[in-house]
Amino acid sequence: MQLFLEQLVNGIALGSLYGLFGIGFGLVFATLGILNTAHGAYASWAAIIGYFAVVWYDVSFPVAIAVGVIGGGVLAILVDQIGFQPLRNRKTGMLGALITSIAFLIILDSLAGMATNHQSWAFPSRTYPRGMLDLGFMRIPYMQLIIIGAMVFCAAGIYLLIQKTRIGAAMRAVGWNAEAASLGGVNARMVILLTAFLAGATSGLAGVLGGAATSNISYMLGEGLLLKGFAAVVVGGYDDVRGTVLAGILLGICEVFIAQYLSTTFRDGFTYILLLTFLVMRPRGIFGSGNFMRA
Amino acid sequence: MHDTPTLLQLRAVAKHFGGVAAVGGLSTTVRKGTVHGLIGPNGAGKTTVINLITGLFHPTDGEILFDGHNLEAKPPHEIAALGISRTYQNVRLFSGMSALEQVLTGCFLKRGSSLFASFAGLPAARRNWEEARAKSLLLLARVGMAGKADVLAETLSYGEQRRIEIARALGSDPKLLLLDEPTAGMNHAESQAIGQLVHELRDSGLTILMVEHNMGLVTEFCDSCTVMNFGKLLAEGTPRSCIDDPEVQAAYFGRKNDAKRIQPVG
Amino acid sequence: DPAPGQYNIGIISDDTGPLAAAGISYHRGADLAIEEINANGFAGEGVTLNLLVKDSATDAARAVQAMTQFAADRTVLATTCCIITPIAGALSPIAMNNNLPLVIYGATREGLPQEPYVTSVVALPGPQEVMMSERLASELKPKRVAYYTTGDNDIFLARAHAVKAVFEEAGAETVAEISTLANDTDFTGPATQGMGTNPDVIMVMTTQQPAVGIISALRQRGYEGLIGTSEVISPPAIYQKSGDLIEGIPFALSFQPGLSDSPEATTFIEAYQAKYNELPDVYSAQGYTAIHYIAQGMKAIDGEPTREKLAEEMWKITSIDHNLYGGQEIVNGQAQIPETLIVNWNSDGEVALWENQ
Amino acid sequence: MEAILDFWAAYSATIAFGLVNSFIALSCYAVLSAGVLSFTTVMFAAVGGFVAAQMIGMFALPPLVAFLFAGVAGGVAAAVIAVIFLRLETHWMALASLALVLITRVVVLNTPTLTGGVQGMLVPVRVSVLELFLALAVTAFVFYRMHNSWYGLVSRAVREDPSVASTMGISTYRVQFIAFLISGAVGGIGGAALATTLQFISADTYFLALAFTMIASTVLGGSFHWFGPIVGAFVFTALPTTMQAVLPEIQDVAKGVVLLVIMILLPRGLVDPRVLKLRLSRSPKTAEQPDA
Amino acid sequence: MLNVSNLSASYGAIRAVKGISLKVGQGSLCVVLGSNGAGKSTTLRSIAGLHRPVEGSITLQDREISRLKIHQVVRHGLALVPEGRMVVAPLTVEENLDLSGFAGRGSDRSDRERVYELFPRLKERRQQKAGLLSGGEQQMLAIGRALMTQPQVLVLDEPSMGLAPSIVDLVFDAIVALHKQGQSILLVEQNAAIALSVCDYGYVMRRGEIVVEGTAEMLRESPEVMKAYLS
Ligand SMILES: Nc1ncnc2c1ncn2[C@@H]1O[C@H](COP(=O)(O)OP(=O)(O)OP(=O)(O)O)[C@@H](O)[C@H]1O
Ligand SMILES: Nc1ncnc2c1ncn2[C@@H]1O[C@H](COP(=O)(O)OP(=O)(O)OP(=O)(O)O)[C@@H](O)[C@H]1O
Ligand SMILES: [Mg+2]
Ligand SMILES: [Mg+2]
């Protein structure tokens with residue numbers, strides 16, 4: 001039983017990371033229409049920046065998180081403005097931006113490789129909470145609690161922002177058609193910057209927390225998150241934060257339990273077969289994003 | 001007029017979107033070889049009816065009969081193959097295609113050779129292809145776009161795009177042509193030209209169901225007409241009788257319904 | 001002796017890409033070997049070697065292109081490469097078809113060397129871990145042993161099998177065989193699973209990144225029993241990263257600064273530290289050996305060296321003179337296991353011989 | 001002459017991979033041009049690759065004959081996949097196809113008798129550049145014919161607006177099914193070409209890197225004309241080699257920057273039929289505007 | 001109020017508007033007539049910032065606006081009801097209207113109510129996604145959105161398109177009422193009869209140029225206009 005519970009929490013924590021990462025990825029996809037493969041690089045860079053802040057300037061863990069999060073956000077803005085902005089209004093559809101993002105993935109990953117000497121690093125012990133919360137019947141590492149908490153906080157915040165505020169409406173509007181939104185007086189450029197920043201920042205948060213929890217701060221950190229985050233977004237019904245988070249958590253739990261009770265060799269295979277079956281049975285994801293175009 | 005056979009029949013057709021009944025039990029008939037007007041206030045369900053007939057939506061209730069076939073649950077391409085063709089209220093042309101290619105696509109059903117034959121470039125298929133091209137050019141000329149065959153359709157003005165859509169819809173030699181506000185965005189003279197075209201088409205044997213808000217056009221060019229309101233039938237008959245119906249007056253023309261406004265001005 | 005002059009050797013490196021950390025080590029080892037050979041005339045009087053570099057980023061297609069370019073360049077006499085088996089497998093036919101000697105310094109697989117052009121300076125995996133496991137089994141007498149391996153890597157699967165056989169032979173029960181994948185990063189699940197079986201010894205036979213991750217996760221979850229692993233945790237950078245988490249964990253290898261004390265090893269370690277400001281690791285030792293193997297073949301040539309002659313001479317070599325292990329046998333182009341050290345990181349951040357506490 | 005021979009010897013492998021990647025990119029284009037973004041090509045390539053490797057290993061077939069079998073095997077795989085996938089909508093299909101890539105890897109790793117499992121497989125024969133070129137020429141001709149036939153026209157319509165296309169009598173399902181078959185056959189051949197060029201294949205040969213190469217080549221070259229993917233494949237294949245020669249220190253960064261610059265300058269790819277059409281639009285004959 | 005001089009606009013090499021000048025005085029209602037493809041929409045799009053003109057100047061209350069972004073133009077007090085409506089499909093009717101809060105021109109709930117008063121149909125549909133509205137409903141929404149920004153100059157591109165006669169009356173009543181209140185309006189309308197019956201001044205475009213201009217009466221009596229648009 002203890003094993004089961006602990007594995008459940010492991011799954012939830014892992015899934016929260018996928019969800020947290022997926023929120024920004026989905027946000028950019030749903031509002032700006034970009035399938036951003038460079039989204040993983042924000043996570044890697046945020047972790048690396050946070051790491052250097054700790055190693056060079058000896059800052060505390062919360063400050064390292066903040067530095068990483070802001071770094072991720074700023075990076076996302078730069079990528080957007082350099083790479084995606086020139087493509088807007090040029091009838092490239094999703095594909096142009098997809099390749100641009102691949103270009104950034106290559107650039108950012110190789111720069112990150114250079115910055116880290118192509119090594120994997122970890123936050124020095126005792127710079128982050130390493131212990132475990134002992135509940136008697138089970139034990140939960142503090143980092144897992146932090147990850148789950150951060151995910152809940154971000155998911156709720158962004159959900160409310162998008163669905164309940166005028167800024168959120170503007171974000172959805174700009175993503176659909178910047179000109180149409182501007183006719184109502186929306187400054188599309190600002191809204192895009194804000195969206196990009198939020199996406200980069202949440203990805204960065206996932207990067208710093210994941211990097212700390214798994215002792216793996218490297219230029220490849222984001223790559224692992226990317227595939228799972230993408231899966232979470234799509235299964236969740238890609239324009240709904242709640243769906244992304246729920247799907248992410250389910251994914252995490254699936255992975256952990258399949259590895260525990262079946263085998264790791266088949267873990268990815270089983271997880272993705274489950275996912276395929278789910279998609280075939282429910283082709284629009286968990287929350288089934290509603291249609292808004294008509295014949 | 002009423003002795004001509006029925007081509008299209010709607011029997012208590014309903015379509016609900018969530019709580020909204022866009023069409024709520026509409027029954028009406030369109031007779032062969034006529035121009036039939038479908039009018040009604042905004043949001044009455046006219047476009048939805050066209051979507052139901054073409055199979056883009058399936059009715060929640062009721063049935064649609066066309067030329068001896070029940071259209072129930074048939075996918076759009078099968079319905080098109082039965083001889084129904086349409087235009088869209090919000091112009092929907094294929095981006096990246098020239099005007100000619102748009103119309104050529106419309107000729108798909110009448111291509112006369114299999115996909116494989118055309119791929120293999122068999123002589124007969126080649127001939128068919130050339131015929132389709134010639135036909136498309138003719139259709140473009142017919143809607144007044146003769147010079148614009150090679151123009152990328154999305155660079156045309158709104159009114160011009162509408163004409164391309166009509167030509168495209170004619171490509172499949174349909175039995176029934178559904179026009180959703182064909183003259184929106186055209187001035188008087190241009191609308192008249194479309195009206196003339198509609199008459200010519202009818203005289204060549206085509207049946208036309210036309211959604212229109214331009215009542216001048218409806219009275220002048222429609223043989224019969226159905227008025228919808230809130231997804232239901234409000235009136236039916238000749239255009240004149242419909243317009244004179246007090247209920248229609250109230251629902252559709254609002255308070256200042258002086259007949260003069262309906263007449264072509266000048 | 002060969003005719004004096006400068007001769008080119010091609011290296012298909014992994015300076016970027018997923019294995020760059022190890023790849024750079026191999027490359028640096030090779031660079032140092034070249035310097036040493038040129039300074040001392042190890043390849044013959046008046047003979048200097050020059051290293052041409054093409055980075056494959058561990059991509060098979062790029063490696064094949066690089067190899068083809070080397071093959072086309074008649075000034076290239078020999079090549080060296082490869083950390084992973086698929087790339088080695090893809091390059092050996094090119095070496096054979098173009099009569100171009102290829103020395104493999106990282107990938108291992110039965111039957112990889114092919115007479116006379118393809119040779120390998122890494123021993124087949126297994127024996128070292130077997131030796132270590134025999135010692136662990138006899139000294140600790142564990143009852144319950146759990147194993148971690150990398151399910152999508154044939155070398156580590158083989159290592160895990162060999163190790164498991166030793167412990168089972170000694171009467172230890174196998175309580176868990178947990179496989180992870182080379183690209184995994186989260187090991188809380190596998191760690192929880194392993195600890196759930198209450199093992200007294202855990203053997204981690206995985207690739208580098210998972211090994212470090214699994215060990216960290218086990219230690220952070222409070223596992224205090226013995227963990228054994230392979231040389232993947234030997235690079236100093238790994239200690240820098242994980243520090244106390246990997247202290248006291250035994251692993252087996254053939255070269256280690258601080259323990260390897262042959263004259264060659266001492267010179268190499270000094271030169272490496274002077275040049276790169278860090279300590280070398282097993283991988284750089286292998287890169288170093290590969291180049292010396294080629295140089296030794298060169299030296300045996302009489303007259304104008306050709307690829308064919310060089311390959312012939314290299315195939316004849318049974319022992320590499322300049323190596324860092326205190327002896328390196330070669331049989332039919334395949335290196336044999338050199339002397340084995342069983343070591344661990346200690347709390348001073350040094351590698352010391354492992355002792356059972 | 002000497003120089004040409006030297007160049008050929010050094011870069012024949014690059015050209016070979018350019019040809020191989022052309023197949024892979026064309027396979028991606030085949031479905032993309034019917035409005036389906038799918039990574040299933042990777043799976044088709046794996047099927048083709050291992051089938052070809054087995055055939056060559058068992059019956060010592062010449063590569064081009066093995067390609068035929070690979071093409072058929074890819075086509076069959078595609079038919080099965082299409083039946084499942086065409087139930088899904090676009091974005092979900094893209095994910096499902098990514099999932100399939102991951103599943104493929106697991107299957108390859110766990111069927112050692114067919115694929116060599118974790119050990120991989122040696123392919124005893126190498127295909128010559130000439131053979132590859134011939135095979136690509138034939139394939140390109142097929143695409144050329146398709147582009148200029150009803151299928152080409154209709155698939156473009158389906159890509160732009162499937163529901164409008166359907167009201168014109170075009171069965172989206174049928175068009176996309178055919179697209180999958182073509183993608184499967186060409187992808188299978190591409191996988192076989194890769195196998196006989198690399199001469200060693202394993203689960204990692206047909207994995208995400210191939211998906212990246214495929215999609216990047218297709219879009220970089222231009223996804224609106226069959227010639228685009230071929231151009232893109234060559235550019236994308238030659239890019240790392242070139243960058244390594246020019247800027248070895250920062251070759252990857254440079255490669256990314258070049259890719260970025262091309263996309264910003266020509267966001268619809270190097271080959272863009274739209275530009276041609278716009279030019280046609282402007283010819284004086286057609287620029288006349290109607291009089292009122 | 002709005003002053004356009006020597007405006008040219010093109011699409012690639014096609015010159016759609018060739019150096020036209022027009023003026024909308026304070027409180028006046030001007031109309032632009034012309035056949036399909038004459039360049040009317042292009043002119044309006046250029047004025048509203050949806051299309052970059054090649055040359056010419058556009059001033060709004062003596063302020064040059066030809067280089068401004070769309071939202072800046074809106075914030076300076078010019079609102080466009082565009083051809084093709086351009087409502088924001090994934091947003092509800094209400095959210096579409098609320099967006100104009102970003103125009104920073106003091107619109108609030110009461111403005112929304114006024115739009116609903118004008119178009120009760122919109123109120124019924126206020127939680128529906130704009131993309132699912134019928135054509136006419138979308139047109140109402142586009143007009144409502146423009147009104148919400150409380151513009152100094154209201155620019156309408158065929159506002160009656162797709163509207164039922166009763167709604168057309170409504171819209172024109174509203175236009176007349178706004179005009180009476182002193183609102184400056186620029187109108188493109190295919191229904192020349194209605195347009196000329198409400199406007200002060202009119203322009204006729206053909207092939208990107210203004211061929212006739214004058215007061216409403218002048219145009220109504222001009223034989224050329226009669227022939228082309230009113231016959
Ligand atoms: N997919 C849908 N989901 C929800 N409501 C819908 C949908 N499609 C149509 N409606 C609603 O159904 C009603 C009828 O719409 P329809 O487009 O048929 O009207 P219409 O008669 O064509 O109007 P118009 O003359 O303005 O074009 C409208 O109120 C519309 O909002
Ligand atoms: N996106 C575009 N690309 C290229 N040319 C265009 C584009 N949009 C319009 N045009 C051309 O510019 C000219 C003027 O178009 P515009 O839309 O301004 O006409 P309009 O007077 O509004 O016509 P309508 O009454 O049909 O709406 C037309 O000839 C049209 O073909
Ligand atoms: Mg309608
Ligand atoms: Mg217009």
# chains A, B, ... in the order shown; residues from 1 in each chain; ligands from 1

$ residues_near_ligand --ligand "ligand 4" --cutoff "9 Å" --atoms "only C-alpha atoms and all ligand atoms" --output "MDAnalysis selection string"
(chainID B and resid 157:159 185) or (chainID E and resid 35:42 44 82:84 157:158 188)

$ residues_near_ligand --ligand "ligand 1" --cutoff "9 Å" --atoms "only C-alpha atoms and all ligand atoms" --output "ChimeraX atom specification"
/A:291-295 /B:15-23,38-51,57,89,180-181,211-213,228-231 /E:121,124-125,128-139,162-164

$ write_last_selection --atoms "C-alpha atoms" --output "CSV table (one decimal), in the first residue's frame"
chain,number,residue,atom,x,y,z
A,291,ASN,CA,-16.0,24.5,-32.3
A,292,PHE,CA,-16.3,28.2,-33.2
A,293,MET,CA,-16.4,28.1,-36.9
A,294,ARG,CA,-19.4,27.2,-39.0
A,295,ALA,CA,-20.3,26.3,-42.5
B,15,LYS,CA,-31.7,21.3,-36.3
B,16,HIS,CA,-30.7,22.1,-32.7
B,17,PHE,CA,-27.3,23.4,-31.6
B,18,GLY,CA,-27.2,22.8,-27.9
B,19,GLY,CA,-30.2,24.7,-26.7
B,20,VAL,CA,-30.7,26.7,-29.8
B,21,ALA,CA,-33.2,25.5,-32.4
B,22,ALA,CA,-31.7,27.1,-35.5
B,23,VAL,CA,-34.3,25.2,-37.6
B,38,LEU,CA,-35.8,31.6,-49.1
B,39,ILE,CA,-36.1,34.7,-47.0
B,40,GLY,CA,-36.4,35.7,-43.5
B,41,PRO,CA,-34.9,37.8,-40.8
B,42,ASN,CA,-31.3,37.5,-39.7
B,43,GLY,CA,-30.7,34.3,-37.8
B,44,ALA,CA,-34.0,32.8,-39.0
B,45,GLY,CA,-32.1,29.6,-40.1
B,46,LYS,CA,-31.8,30.1,-43.8
B,47,THR,CA,-28.1,29.2,-44.0
B,48,THR,CA,-28.7,26.4,-41.7
B,49,VAL,CA,-31.3,25.0,-44.1
B,50,ILE,CA,-28.7,25.1,-46.9
B,51,ASN,CA,-26.1,23.4,-44.7
B,57,PHE,CA,-25.1,19.3,-40.9
B,89,GLN,CA,-22.7,33.3,-47.6
B,180,ASP,CA,-26.7,32.0,-50.2
B,181,GLU,CA,-27.1,35.7,-50.7
B,211,VAL,CA,-31.4,33.1,-50.0
B,212,GLU,CA,-31.7,36.8,-50.5
B,213,HIS,CA,-32.3,39.9,-48.5
B,228,MET,CA,-38.8,31.6,-42.4
B,229,ASN,CA,-38.8,33.1,-38.9
B,230,PHE,CA,-37.2,31.6,-35.8
B,231,GLY,CA,-36.5,28.4,-37.7
E,121,ARG,CA,-30.9,40.0,-31.5
E,124,GLU,CA,-30.3,37.1,-27.2
E,125,ARG,CA,-27.1,35.6,-28.5
E,128,GLN,CA,-22.7,32.5,-28.2
E,129,LYS,CA,-19.3,32.3,-29.9
E,130,ALA,CA,-19.2,35.0,-32.6
E,131,GLY,CA,-18.1,32.5,-35.2
E,132,LEU,CA,-21.3,30.6,-34.9
E,133,LEU,CA,-23.6,33.6,-35.5
E,134,SER,CA,-25.5,33.9,-38.7
E,135,GLY,CA,-24.1,36.3,-41.3
E,136,GLY,CA,-26.5,39.1,-40.4
E,137,GLU,CA,-25.9,38.7,-36.7
E,138,GLN,CA,-22.1,39.0,-37.3
E,139,GLN,CA,-22.7,42.1,-39.2
E,162,GLY,CA,-26.4,40.5,-45.4
E,163,LEU,CA,-28.9,42.3,-43.3
E,164,ALA,CA,-32.7,41.8,-43.5

$ atom_distance --atom1 "atom CA of Gly116 of chain D" --atom2 "atom CA of Phe50 of chain D"
9.4 Å

$ residues_around --residues "Phe61 of chain A" --least-positions-apart "4" --cutoff "7 Å" --atoms "only C-alpha atoms" --output "list in words"
Ile65, Thr127 and Tyr128 of chain A

$ write_last_selection --atoms "N, CA and C atoms" --output "CSV table (one decimal), in the first residue's frame"
chain,number,residue,atom,x,y,z
A,65,ILE,N,14.8,30.2,-8.6
A,65,ILE,CA,13.6,30.0,-9.3
A,65,ILE,C,13.1,31.2,-10.1
A,127,THR,N,21.2,23.4,-1.4
A,127,THR,CA,20.7,24.7,-1.9
A,127,THR,C,19.3,24.6,-2.2
A,128,TYR,N,18.7,23.4,-2.2
A,128,TYR,CA,17.3,23.2,-2.4
A,128,TYR,C,16.8,22.2,-1.4

$ closest_residue --among "D:Phe224, D:Phe234, D:Phe200, D:Tyr29" --to "chain C" --atoms "only C-alpha atoms"
D:Phe200

$ atom_distance --atom1 "atom CA of Arg86 of chain B" --atom2 "atom CA of Asn191 of chain E"
25.1 Å

$ closest_atom_pairs --of "chain B" --to "ligand 2" --cutoff "9 Å" --atoms "only C-alpha atoms and all ligand atoms" --output "Markdown table"
| residue | atom | partner | partner_atom_place_in_ligand_line | distance |
| --- | --- | --- | --- | --- |
| B:Val151 | CA | ligand 2 | 31 (O) | 8.6 |
| B:Leu152 | CA | ligand 2 | 4 (C) | 8.0 |
| B:Ala153 | CA | ligand 2 | 31 (O) | 8.4 |
| B:Glu154 | CA | ligand 2 | 1 (N) | 6.1 |
| B:Thr155 | CA | ligand 2 | 3 (N) | 3.5 |
| B:Leu156 | CA | ligand 2 | 31 (O) | 3.5 |
| B:Ser157 | CA | ligand 2 | 17 (O) | 4.0 |
| B:Tyr158 | CA | ligand 2 | 26 (O) | 4.1 |
| B:Gly159 | CA | ligand 2 | 26 (O) | 3.6 |
| B:Glu160 | CA | ligand 2 | 26 (O) | 5.8 |
| B:Gln161 | CA | ligand 2 | 26 (O) | 7.8 |
| B:Arg162 | CA | ligand 2 | 26 (O) | 8.6 |
| B:Gly185 | CA | ligand 2 | 25 (O) | 5.8 |
| B:Met186 | CA | ligand 2 | 25 (O) | 6.1 |
| B:Asn187 | CA | ligand 2 | 25 (O) | 7.6 |

$ interface_residues --of "chain A" --to "chain D" --cutoff "8 Å" --atoms "only C-alpha atoms" --output "number ranges by chain"
A: 83, 86-87, 90-92, 95-96, 99-100, 102-108, 110-111, 230-231, 234-235, 265-266, 268-270, 272-273, 275-276, 279-280, 283-284, 295

$ select_by_dssp --residues "segment 60-197 of chain B" --states "strand (DSSP E)" --output "VMD selection string"
chain B and resid 61 to 66 69 to 70 84 to 86 176 to 180

$ select_by_dssp --residues "segment 82-199 of chain E" --states "helix (DSSP H, G or I)" --output "PyMOL selection string"
chain E and resi 93-103+109-118+120-124+130-132+135-148+165-180+192-198

$ closest_residue --among "A:Thr31, A:Gly210, A:Lys228, A:Gly184" --to "Thr149 of chain E" --atoms "only C-alpha atoms"
A:Gly184

$ atom_distance --atom1 "atom CA of Val9 of chain A" --atom2 "atom CA of Ile146 of chain A"
12.3 Å

$ closest_residue --among "B:Ile164, B:Val91, B:Ala99, B:Ala235" --to "ligand 3" --atoms "only C-alpha atoms and all ligand atoms"
B:Val91

$ closest_residue --among "B:Thr105, B:Thr87, B:Ser241, B:Asn70" --to "ligand 3" --atoms "only C-alpha atoms and all ligand atoms"
B:Thr87

$ closest_atom_pairs --of "chain D" --to "chain B" --cutoff "7 Å" --atoms "only C-alpha atoms" --output "Markdown table"
| residue | atom | partner | partner_atom | distance |
| --- | --- | --- | --- | --- |
| D:Arg145 | CA | B:Phe119 | CA | 5.7 |
| D:Met146 | CA | B:Phe119 | CA | 5.5 |
| D:Ser149 | CA | B:Phe119 | CA | 5.3 |
| D:Trp150 | CA | B:Leu115 | CA | 6.1 |
| D:Tyr151 | CA | B:Leu115 | CA | 6.0 |
| D:Leu153 | CA | B:Thr105 | CA | 6.6 |
| D:Val154 | CA | B:Thr105 | CA | 6.4 |
| D:Ala157 | CA | B:Phe94 | CA | 6.2 |
| D:Glu160 | CA | B:Phe94 | CA | 5.6 |
| D:Asp161 | CA | B:Phe94 | CA | 6.5 |
| D:Ser166 | CA | B:His77 | CA | 4.7 |
| D:Thr167 | CA | B:Pro76 | CA | 5.2 |
| D:Met168 | CA | B:Ala80 | CA | 5.8 |
| D:Gly169 | CA | B:His77 | CA | 3.9 |
| D:Ile170 | CA | B:His77 | CA | 5.4 |
| D:Ser171 | CA | B:His77 | CA | 5.5 |
| D:Arg274 | CA | B:Gly96 | CA | 6.1 |
| D:Lys277 | CA | B:Leu152 | CA | 6.3 |
| D:Leu278 | CA | B:Leu152 | CA | 6.3 |
| D:Leu280 | CA | B:Asp150 | CA | 6.4 |
| D:Ser281 | CA | B:Val151 | CA | 4.2 |
| D:Thr286 | CA | B:Gly147 | CA | 5.3 |

$ closest_residue --among "B:Ser224, B:Asn90, B:Ser27, B:Thr219" --to "Asp61 of chain B" --atoms "only C-alpha atoms"
B:Ser27

$ closest_residue --among "B:Pro246, B:Pro123, B:Pro182, B:Pro59" --to "ligand 3" --atoms "only C-alpha atoms and all ligand atoms"
B:Pro182

$ residues_around --residues "segment 176-181 of chain E" --least-positions-apart "4" --cutoff "7 Å" --atoms "only C-alpha atoms" --output "short mmCIF file (atom, residue, chain, number, x, y, z; two decimals) with N, CA, C and O atoms, in the first residue's frame"
data_model
loop_
_atom_site.label_atom_id
_atom_site.label_comp_id
_atom_site.auth_asym_id
_atom_site.auth_seq_id
_atom_site.Cartn_x
_atom_site.Cartn_y
_atom_site.Cartn_z
N GLY E 27 -18.92 66.31 -38.40
CA GLY E 27 -20.37 66.10 -38.38
C GLY E 27 -20.99 65.79 -39.72
O GLY E 27 -22.21 65.76 -39.83
N SER E 28 -20.20 65.54 -40.72
CA SER E 28 -20.84 65.27 -42.00
C SER E 28 -20.85 63.79 -42.31
O SER E 28 -20.11 63.01 -41.71
N LEU E 29 -21.69 63.41 -43.23
CA LEU E 29 -21.85 62.02 -43.62
C LEU E 29 -21.51 61.92 -45.09
O LEU E 29 -22.21 62.47 -45.93
N PHE E 172 -29.70 52.15 -40.83
CA PHE E 172 -29.66 53.49 -41.41
C PHE E 172 -30.33 54.53 -40.52
O PHE E 172 -29.89 55.67 -40.47
N VAL E 198 -29.34 59.62 -47.55
CA VAL E 198 -28.99 60.06 -46.20
C VAL E 198 -27.73 60.92 -46.14
O VAL E 198 -27.49 61.60 -45.15
#

$ interface_residues --of "chain A" --to "chain C" --cutoff "7 Å" --atoms "only C-alpha atoms" --output "number ranges by chain"
A: 3, 7, 10, 118-119, 121-122, 214-215, 256, 260, 264-265

$ interface_residues --of "chain A" --to "chain E" --cutoff "8 Å" --atoms "only C-alpha atoms" --output "list of chain:residue names"
A:Arg166, A:Ala169, A:Ala170, A:Arg172, A:Ala173, A:Trp176, A:Asn177, A:Glu179, A:Ala180, A:Ala181, A:Ser182, A:Leu183, A:Gly184, A:Gly185, A:Val186, A:Asn187, A:Ala188, A:Phe292, A:Met293, A:Arg294
